[in-house]
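Engineer: Following this message is one structure expressed as structure tokens.
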4 protein chains.
Amino acid sequence: MTALLWPGDARAGDLLGDAVVLVAMAEVEQAWVEALVAAGIAPPGAAVRLAELVTDVDAEVVAAGAEGTGTPVVPLVALLRERLGEAHPDAARWLHRWLTSQDVLDTALVLALRDAVQRVREELVAQVAALAGLVRSHRTTVMAGRTLTQHAVPVTLGLKAATWLVTVLDAADGVRALRWPVQLGGAAGTLAAPVELAARHGAADPVAVALDLVRRTASTLGLEAAPPWHTARAPLVRVADALVACTDAYGRIANDVLTLARPEIGELREPSAPGRGGSSTMPQKANPVLATLIRRAALSGPALAAQLHLAAAEAVDERSPGPWHAEWQPLQLLGRRTVVAAAQTTELLTGLHVDTGRMRSTLATATADLLAERRSLAEPAPGELAPDSDPDPDADPASYLGAADALVDAVLARADAVLRQEGEL
Amino acid sequence: MTALLWPGDARAGDLLGDAVVLVAMAEVEQAWVEALVAAGIAPPGAAVRLAELVTDVDAEVVAAGAEGTGTPVVPLVALLRERLGEAHPDAARWLHRWLTSQDVLDTALVLALRDAVQRVREELVAQVAALAGLVRSHRTTVMAGRTLTQHAVPVTLGLKAATWLVTVLDAADGVRALRWPVQLGGAAGTLAAPVELAARHGAADPVAVALDLVRRTASTLGLEAAPPWHTARAPLVRVADALVACTDAYGRIANDVLTLARPEIGELREPSAPGRGGSSTMPQKANPVLATLIRRAALSGPALAAQLHLAAAEAVDERSPGPWHAEWQPLQLLGRRTVVAAAQTTELLTGLHVDTGRMRSTLATATADLLAERRSLAEPAPGELAPDSDPDPDADPASYLGAADALVDAVLARADAVLRQEGEL
Amino acid sequence: MTALLWPGDARAGDLLGDAVVLVAMAEVEQAWVEALVAAGIAPPGAAVRLAELVTDVDAEVVAAGAEGTGTPVVPLVALLRERLGEAHPDAARWLHRWLTSQDVLDTALVLALRDAVQRVREELVAQVAALAGLVRSHRTTVMAGRTLTQHAVPVTLGLKAATWLVTVLDAADGVRALRWPVQLGGAAGTLAAPVELAARHGAADPVAVALDLVRRTASTLGLEAAPPWHTARAPLVRVADALVACTDAYGRIANDVLTLARPEIGELREPSAPGRGGSSTMPQKANPVLATLIRRAALSGPALAAQLHLAAAEAVDERSPGPWHAEWQPLQLLGRRTVVAAAQTTELLTGLHVDTGRMRSTLATATADLLAERRSLAEPAPGELAPDSDPDPDADPASYLGAADALVDAVLARADAVLRQEGEL
Amino acid sequence: MTALLWPGDARAGDLLGDAVVLVAMAEVEQAWVEALVAAGIAPPGAAVRLAELVTDVDAEVVAAGAEGTGTPVVPLVALLRERLGEAHPDAARWLHRWLTSQDVLDTALVLALRDAVQRVREELVAQVAALAGLVRSHRTTVMAGRTLTQHAVPVTLGLKAATWLVTVLDAADGVRALRWPVQLGGAAGTLAAPVELAARHGAADPVAVALDLVRRTASTLGLEAAPPWHTARAPLVRVADALVACTDAYGRIANDVLTLARPEIGELREPSAPGRGGSSTMPQKANPVLATLIRRAALSGPALAAQLHLAAAEAVDERSPGPWHAEWQPLQLLGRRTVVAAAQTTELLTGLHVDTGRMRSTLATATADLLAERRSLAEPAPGELAPDSDPDPDADPASYLGAADALVDAVLARADAVLRQEGEL
């Protein structure tokens, strides 16, 4: 189910795809029944591998039946019951007992998001490594610094890449801090039905049993137990914020590549690949397609995260009529698009061509401008020494790099710490 | 390809779906070749029904190949060439000669959007008719007016429905004013290749021939001829603005239904349908699912239209690296979602249950508050008559409806004019 | 009250400023009382020049008192009553009789917006004139066309400016189509109080009198009469859409200037002015400040217009708790920022420096690439003539401009029509 | 400078106001010079109290002069130099030596934001305390749970308030985690000028001196030292995300108040205050003005935070032309609006009226519906006991509260931990 109008979408594979979300819903149902079995409430035969009962094509059927109740959960449960059929009467009977639709859909989205974010995290680590390498390789590669599009003072490519690295590290901080809680509260967040159910089975402390069901389900799914957050949507909003922080970082990098790959500048060039960057009519073209598609994602991310905030802000009662429903597709899109952009960025960074010759040419042409600030320092303030040598338009831009090297070291140290924590160093 | 996480998506059928966009691209390619044939440039054998050569499953293949050039056009052309094969050598040779990818994709999106908007327009007309009926039926149905959630002064359901009708009429004005231009400019908006091509065929006025090719192509596709708008994106932005104006209107209506269908108010109720509004656990539930899903679309529309504005605002050069690519999927989503919300709104309005008994109960309880403004008029200003009868808390709210009836007439007149223009009266 | 953090804000003068909105509210109150007097309901002494009673500093006082009722209307009325004092007892008594706060604030915003939009319209006309001049002057100025940042095929500066002109004309279409209705409906859109008031004065047809009060008030203010749109917010949403279409257009132009003014390209340059574009540390700098600030507005506009859509979509009841209040400041910001960006764009376009020498240099360097498409046409299809002369890398880019000239003519014709309608031709 | 069109704005006092930002810029300049003096580079006379040299009215003057360079820094420096005049020649000479405008403005915004966020943090602590109290008081107050607007199962007001508390605690987590770094990098992030300056003063290790200047300046301002983040904007984006998380939480609470304060429900009521909630025409009105204005902020926050993300995503080069400038006013607005909403929310929560009688009435009417889920559990699954007593429509809703009490305890424990950390317990 690759999106035709989001080129590169195939890189996300089936992550957060409809089929995956469907399977995740089945996994939540299954984990819950397993918890009921483990608690001695449901009979052992109630626990059946549900994820295997749904196939890719089911997403279409379930989707078509989702309008009646406003969520895909009820048609999925109906389909699972039918498939369990007479062969698994206990499983059919105990299925979805007593979850509410929001429990299943919220938790399934958390599962599917976690896998997509895990992929993003791997890409972030790869980007940190690639950027640290780039920084180290080009620590002394001098190039023109540019502010408000004009030549400013000299920088190094190492320093520029270090600012990219900072944005990636900042994004990685956010992603690494994410937590993945189940959302299980029943009809209105009280867990009333499980408590009742436990009481019927003679539990001495039915509330403790219900809370334990939540813990077991969370554990089976590899999620954290948590109080219901049916109308307190920060867990999803934070994922959205963290993902858009990634596309922010990628956009910032892509913009530099798009600018510096302009033929008149030519200091950077995307990695080439067969069939990449061509035009349908212009044979000479080597378009910066990766950076173009990355920037597309960066332009599109903020509005998607804002949708999640809006849905959280408009929450009401014990289940929100509309705001809740407005969360799902934006999360899916944001997750997939971020995976795509992350993969593209890793490829872009790993194979980035640096044309040091063009950088030197720019410097040669622009030396006078790039050292204008330095010349303006020439008239010493009281107590200042006169400059060692009279800075002149022909001076070497490499002599005016300030603390670039030390700043690069600080960023590299931060990068190395992350790589070490992630087992990459 | 119904979206699992946008319940109701099936209502949009294949409108603006990937398969439809793919076919639309083929139709643009075909219309262009037909124009070349009609102009005597390409041989008659070059014109082949291309739309029939692509099938639903191709969207997946083309999508997977779209990253290389950043658009789905190049892989589609490759696929078409392969299918034309040796059986249609002229068609294979003349295919995409000399269009650019943006020509094909922009114009295809216009085609697919036009069909989706046509469907929205039909729903708008149906909504105007349904609302005009509701207004007429409930011209004298008095109910509590509410401002900032509190009882204000009496209104009629006819007047309330008339304000809904105004929002729908305003939305319809926008939709009806849309125009559908081709976007054909070649590599950089100069039509250089077609002019060159015409010159090679000995045209006396190759520029005239090229412009004529544009006109013919437009005419074949039922679109307007227009100068290239490759970086002047108002034609798409206006579609987005018009569509979000529809979801604005629908949201405004849905909010009233959601509020007035609360059990404590109970003055309106959604039409029921088998399986609609149920809960996975609570058998008593009759959730206002239509209004919920409509409101979801209304909460989601503004950000999508804003994406189109942003893409237009960030346009640069003769083709924008990223902003252009950021337009496609938001347009697809906005178009499909608006169709879904439009269909749901028509159904909601057509079958809306009005509980006049509950309206009367509210009035009975709230009469004193609803007539407080009137009582505050009791002390006459100089020159004012004393009120006919002393307004008292028990007075009939129907006696304080102001110009409601006259205002309703003005709105109905506007509605009837639209229905007449649309051939519905 | 120039905003410190929106450099250039001073260009908007007091348009849509707090003081102007305050005066506009007073004008609405006054126009209504004048209508009451004209209708023989209020005594002649009730009509007093209210706008003169409020001063700039009052905005602060009224603002501080606005939270209690959630709008600035009640504290303004209190302040006016106090100032009318005993000198104008009739005016004090009849003030705000029987308007509701939303009547006053909505209509005042329409008034203030209209004046801001009028200024934008004047700038648009000036921009159309400037751009038409630029197009005509540079009809034959050949330059490199650029797509996805890379050299594509040759264009002319005339054609590029014509695409800018199209965006400005599209924006002007939207602005010129705006309508400016009063919003007068009383407590809940029924005009109940004015009807009651008219009845008390013995009117034979009190509804007709109330509707006539609306018409008179509209006429006094130079606005259209209209049914109440207290919860049907298209009139404001359309203004927002039209304004953001302007900043879209300006952003598109600014992006080209920012790109082509890069020192490595150097084909365009902003008009210089004393103190403009300097840096606090780098004496050589001539930053493209106008384009920078224009682009800032373009990046900021879409979200503001989306706020208006959201507020419209979340409308409920007969006055919306929150959505209505969320409209005011975004409208003020969007209006002022658009005026600023419009004025900056006019200045940018009027004084834009074109460096045809640099354009020729680029062409000279890039000729081979710019003519690659043409060379790819060299192998004739069946029935095609061979190219006149073998196109070679050294050929003149001016020979491959396609229909540029004819396309320019079409845009100029559209521009001239607008200038004629606006009395500028 | 209270905003007329944002009622309640006065609550923010001068936090993040233009005058405060102006003073903050002066403080950054001063801290830098003090660092130069401390390092023995500038003479002692260079350090002068600059903040005292600027007054409220200067903001207007500086604002008016800000367009030329695109920031308010250059006109502020000019104004300060003039005021330092001949009395403080060293101070005039060393002022802004060698900072760049972005250093000053970014760091000043951090300072002003920190103070606004500190105020928000105090309000969050007060809200946690108020909510914990509400939860404890109403642990056993049973009320109807509502999902998708309809009655679901019983909840307690304690549990509902606990979900509000969760949103506030989540928001507080974000605010408490914020960090406040200086942004000091000079013209292009290399600190070249300070390094040069240090070298001129004979420093053995000029880079170390420059880095020390950054540390000293940070320390004076109470900020963290950090590598330059001139184009890595996460520090500001995170502030925006954290602030909008607050308005999300406040909106979620306000929506419940707006709903439950509807006269037909009447279970909650805003605290009253003189002049609050009145209408300009309807004397009976007690509008939920606080909740209305809070919801307004919640509807407006997401788009502002999205602007910060967009600006970060569009960063380019060593200073971004437009994206950087598009950050400032949104941050100011978001900061002030969040302070206002925070203060309003504290007041709302502190004085919230709970009408337990109305809650009981609703329960009495709705018992059958609220216990429908429980009845549906009546038919026991295999191994289940039959329910203790046959649940019937007249049963006590208090008997079906599930784990509400235990869930409340978990939230209270989290709240108490925060209050303890904040010194409030």
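Chain identifiers are assigned as A, B, and so on, following the order in which chains appear in the structure tokens; residues are numbered from 1 within each chain, and ligands are numbered from 1 in order of appearance.
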Kindly determine which residues of chain A lie within 7 Å of chain C, considering only C-alpha atoms, and give the answer as JSON, numbers by chain.

Structural biologist: {"A": [148, 149, 150, 258, 262, 263, 264, 265, 281, 282, 283, 284, 287, 369, 372, 373]}

Engineer: I'd like the neighbourhood of B:Gln102 as a ChimeraX atom specification, where a residue qualifies if any of its atoms comes within 9 Å (using only C-alpha atoms), though same-chain residues fewer than 5 positions away should be ignored.

Structural biologist: /B:71,73,107,183-187,230,319

Engineer: Quick one: residues within 10 Å of D:Asp256, only C-alpha atoms, excluding same-chain residues fewer than 3 positions away - as a VMD selection string?

Structural biologist: (chain A and resid 314 to 318) or (chain D and resid 160 to 161 164 251 to 253 259 to 261 268 291)

Engineer: Please identify all polymer residues within 6 Å of A:Arg358, counting only C-alpha atoms, omitting same-chain residues fewer than 3 positions from it, and present them as a VMD selection string.

Structural biologist: chain A and resid 267 355 361

Engineer: Mind dumping the selected residues with N, CA and C atoms as a CSV table (one decimal), in the first residue's frame?

Structural biologist:
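Here's the written file out_18.csv:
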```
chain,number,residue,atom,x,y,z
A,267,GLU,N,29.0,23.4,-4.1
A,267,GLU,CA,29.9,22.9,-3.0
A,267,GLU,C,29.5,21.6,-2.5
A,355,ASP,N,32.6,19.1,-2.6
A,355,ASP,CA,33.5,19.6,-3.6
A,355,ASP,C,34.3,20.7,-3.0
A,361,SER,N,37.1,27.9,-4.5
A,361,SER,CA,36.8,29.0,-5.5
A,361,SER,C,35.9,30.0,-4.9
```

Engineer: With only C-alpha atoms as the basis for distance, which of A:Leu22, A:Ala306, A:Leu134, A:Val155 is at the shortest distance from A:Pro72?

Structural biologist: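 Closest to A:Pro72, using only C-alpha atoms: A:Leu22.
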
Engineer: Near A:Leu293, within 8 Å and counting only C-alpha atoms, which residues show up once chain neighbours fewer than 3 positions away are dropped, as an MDAnalysis selection string?

Structural biologist: (chainID A and resid 7:8 289:290 296:297 341) or (chainID B and resid 70 321:322 325)

Engineer: Got time to write the residues from that selection, N, CA and C atoms, as a PDB file, in the first residue's frame?

Structural biologist:
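So the final result, stored in result-v9.pdb, reads:
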```pdb
ATOM      1  N   PRO A   7       6.117  10.191  -3.110  1.00  0.00           N
ATOM      2  CA  PRO A   7       7.261   9.421  -3.602  1.00  0.00           C
ATOM      3  C   PRO A   7       8.279   9.144  -2.495  1.00  0.00           C
ATOM      4  N   GLY A   8       8.723   7.906  -2.455  1.00  0.00           N
ATOM      5  CA  GLY A   8       9.618   7.465  -1.389  1.00  0.00           C
ATOM      6  C   GLY A   8       8.880   6.701  -0.311  1.00  0.00           C
ATOM      7  N   VAL A 289      17.048  15.140  -5.617  1.00  0.00           N
ATOM      8  CA  VAL A 289      15.728  14.581  -5.316  1.00  0.00           C
ATOM      9  C   VAL A 289      15.588  14.215  -3.853  1.00  0.00           C
ATOM     10  N   LEU A 290      16.629  13.672  -3.275  1.00  0.00           N
ATOM     11  CA  LEU A 290      16.516  13.305  -1.861  1.00  0.00           C
ATOM     12  C   LEU A 290      16.227  14.542  -1.012  1.00  0.00           C
ATOM     13  N   ARG A 296      10.166  18.422   1.518  1.00  0.00           N
ATOM     14  CA  ARG A 296       8.707  18.236   1.441  1.00  0.00           C
ATOM     15  C   ARG A 296       8.154  17.748   2.778  1.00  0.00           C
ATOM     16  N   ALA A 297       8.816  16.734   3.349  1.00  0.00           N
ATOM     17  CA  ALA A 297       8.349  16.208   4.636  1.00  0.00           C
ATOM     18  C   ALA A 297       8.473  17.254   5.736  1.00  0.00           C
ATOM     19  N   ALA A 341      11.535  10.103   5.486  1.00  0.00           N
ATOM     20  CA  ALA A 341      12.505  11.207   5.501  1.00  0.00           C
ATOM     21  C   ALA A 341      13.776  10.807   6.244  1.00  0.00           C
TER      22      ALA A 341
ATOM     23  N   GLY B  70      11.249  11.685  -8.193  1.00  0.00           N
ATOM     24  CA  GLY B  70      10.459  12.499  -7.273  1.00  0.00           C
ATOM     25  C   GLY B  70       9.009  12.655  -7.660  1.00  0.00           C
ATOM     26  N   PRO B 321      11.551  23.004  -5.189  1.00  0.00           N
ATOM     27  CA  PRO B 321      12.082  21.765  -4.628  1.00  0.00           C
ATOM     28  C   PRO B 321      11.500  21.455  -3.248  1.00  0.00           C
ATOM     29  N   GLY B 322      10.376  20.783  -3.229  1.00  0.00           N
ATOM     30  CA  GLY B 322       9.757  20.452  -1.950  1.00  0.00           C
ATOM     31  C   GLY B 322       8.360  21.024  -1.825  1.00  0.00           C
ATOM     32  N   HIS B 325       6.044  19.284  -4.185  1.00  0.00           N
ATOM     33  CA  HIS B 325       5.802  17.897  -3.791  1.00  0.00           C
ATOM     34  C   HIS B 325       4.938  17.794  -2.542  1.00  0.00           C
TER      35      HIS B 325
END
```

Engineer: Please provide as a ChimeraX atom specification all residues within 7 Å of stretch 80-96 of chain A, with the sequence filter that same-chain residues fewer than 6 positions apart are discarded (counting only C-alpha atoms).

Structural biologist: /A:29,33,45-48

Engineer: Those same residues, written as a PDB file, in the first residue's frame with N, CA and C atoms?

Structural biologist:
```pdb
ATOM      1  N   GLU A  29      -6.128  -7.305  21.428  1.00  0.00           N
ATOM      2  CA  GLU A  29      -7.225  -8.196  21.848  1.00  0.00           C
ATOM      3  C   GLU A  29      -6.654  -9.489  22.430  1.00  0.00           C
ATOM      4  N   VAL A  33      -6.914 -11.128  26.318  1.00  0.00           N
ATOM      5  CA  VAL A  33      -7.479 -12.453  26.615  1.00  0.00           C
ATOM      6  C   VAL A  33      -6.439 -13.311  27.324  1.00  0.00           C
ATOM      7  N   GLY A  45      -8.522 -22.190  26.614  1.00  0.00           N
ATOM      8  CA  GLY A  45      -8.859 -22.219  25.193  1.00  0.00           C
ATOM      9  C   GLY A  45      -9.231 -20.863  24.625  1.00  0.00           C
ATOM     10  N   ALA A  46      -9.383 -19.873  25.487  1.00  0.00           N
ATOM     11  CA  ALA A  46      -9.766 -18.544  24.994  1.00  0.00           C
ATOM     12  C   ALA A  46      -8.602 -17.846  24.308  1.00  0.00           C
ATOM     13  N   ALA A  47      -7.382 -18.285  24.641  1.00  0.00           N
ATOM     14  CA  ALA A  47      -6.207 -17.599  24.090  1.00  0.00           C
ATOM     15  C   ALA A  47      -5.789 -18.240  22.777  1.00  0.00           C
ATOM     16  N   VAL A  48      -5.988 -17.534  21.705  1.00  0.00           N
ATOM     17  CA  VAL A  48      -5.689 -18.034  20.365  1.00  0.00           C
ATOM     18  C   VAL A  48      -4.879 -16.960  19.660  1.00  0.00           C
TER      19      VAL A  48
END
```

Engineer: Run DSSP on the backbone of this structure and report the residues of stretch 65-201 of chain B it assigns to alpha helix (DSSP H), as a PyMOL selection string.

Structural biologist: chain B and resi 73-84+89-94+101-137+157-176+192-200

Engineer: Report, in Å with one decimal, the straight-line distance from atom CA of C:Arg238 to atom CA of B:Leu308.

Structural biologist: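 So the answer is 15.9 Å.
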
Engineer: Smallest atom-to-atom distance to A:Ser320: which of A:Ala12, A:Val20, A:Ala232, A:Leu159, using only C-alpha atoms?

Structural biologist: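 Residue with the minimum atom-to-atom distance to A:Ser320: A:Ala232.
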
Engineer: Please identify which residues in stretch 46-270 of chain A DSSP calls strand (DSSP E or B) from the backbone, and express them as a list of chain:residue names.

Structural biologist: A:Val142, A:Met143, A:Ala144, A:Gly145, A:Arg146, A:Thr147, A:Gln150, A:His151, A:Ala152, A:Val153, A:Pro154, A:Val155, A:Thr156, A:Pro181, A:Glu224, A:Leu268, A:Arg269

Engineer: Kindly export the residues of the current selection with C-alpha atoms, as a PDB file, in the first residue's frame.

Structural biologist:
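out-v9.pdb written:
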```pdb
ATOM      1  CA  VAL A 142      37.154  26.078   5.104  1.00  0.00           C
ATOM      2  CA  MET A 143      34.119  27.430   3.302  1.00  0.00           C
ATOM      3  CA  ALA A 144      32.118  30.619   3.145  1.00  0.00           C
ATOM      4  CA  GLY A 145      29.681  31.240   5.963  1.00  0.00           C
ATOM      5  CA  ARG A 146      26.422  32.696   4.712  1.00  0.00           C
ATOM      6  CA  THR A 147      23.856  34.729   6.616  1.00  0.00           C
ATOM      7  CA  GLN A 150      25.064  36.740   1.747  1.00  0.00           C
ATOM      8  CA  HIS A 151      28.665  35.920   2.506  1.00  0.00           C
ATOM      9  CA  ALA A 152      29.403  36.508   6.170  1.00  0.00           C
ATOM     10  CA  VAL A 153      32.618  35.158   7.690  1.00  0.00           C
ATOM     11  CA  PRO A 154      34.481  31.907   7.016  1.00  0.00           C
ATOM     12  CA  VAL A 155      33.304  28.674   8.592  1.00  0.00           C
ATOM     13  CA  THR A 156      34.366  25.087   8.160  1.00  0.00           C
ATOM     14  CA  PRO A 181       2.049   3.173  27.697  1.00  0.00           C
ATOM     15  CA  GLU A 224       4.226   0.358  30.138  1.00  0.00           C
ATOM     16  CA  LEU A 268      27.766  19.893  -2.156  1.00  0.00           C
ATOM     17  CA  ARG A 269      26.114  17.225  -4.269  1.00  0.00           C
TER      18      ARG A 269
END
```

Engineer: Set the distance at 9 Å and use only C-alpha atoms: which residues neighbour D:Asp14 once local chain neighbours fewer than 4 positions away are removed? I'd like the list as a PyMOL selection string.

Structural biologist: chain D and resi 1-2+10+18-20+336

Engineer: Between atom CA of B:Ala273 and atom CA of B:Arg11, measure the distance and give it in Å to one decimal.

Structural biologist: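 Spanning atom CA of B:Ala273 to atom CA of B:Arg11 is a straight-line distance of 15.4 Å.
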
Engineer: Looking at A:Leu157, A:Leu36, A:Ala242, A:Leu15, which one is nearest to A:Val135, with distances taken over only C-alpha atoms?

Structural biologist: A:Leu157

Engineer: Using atom CA of D:Ala404 and atom CA of D:Gln421 as the two end points, give the distance in Å to one decimal.

Structural biologist: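 These two atoms are separated by 26.2 Å.
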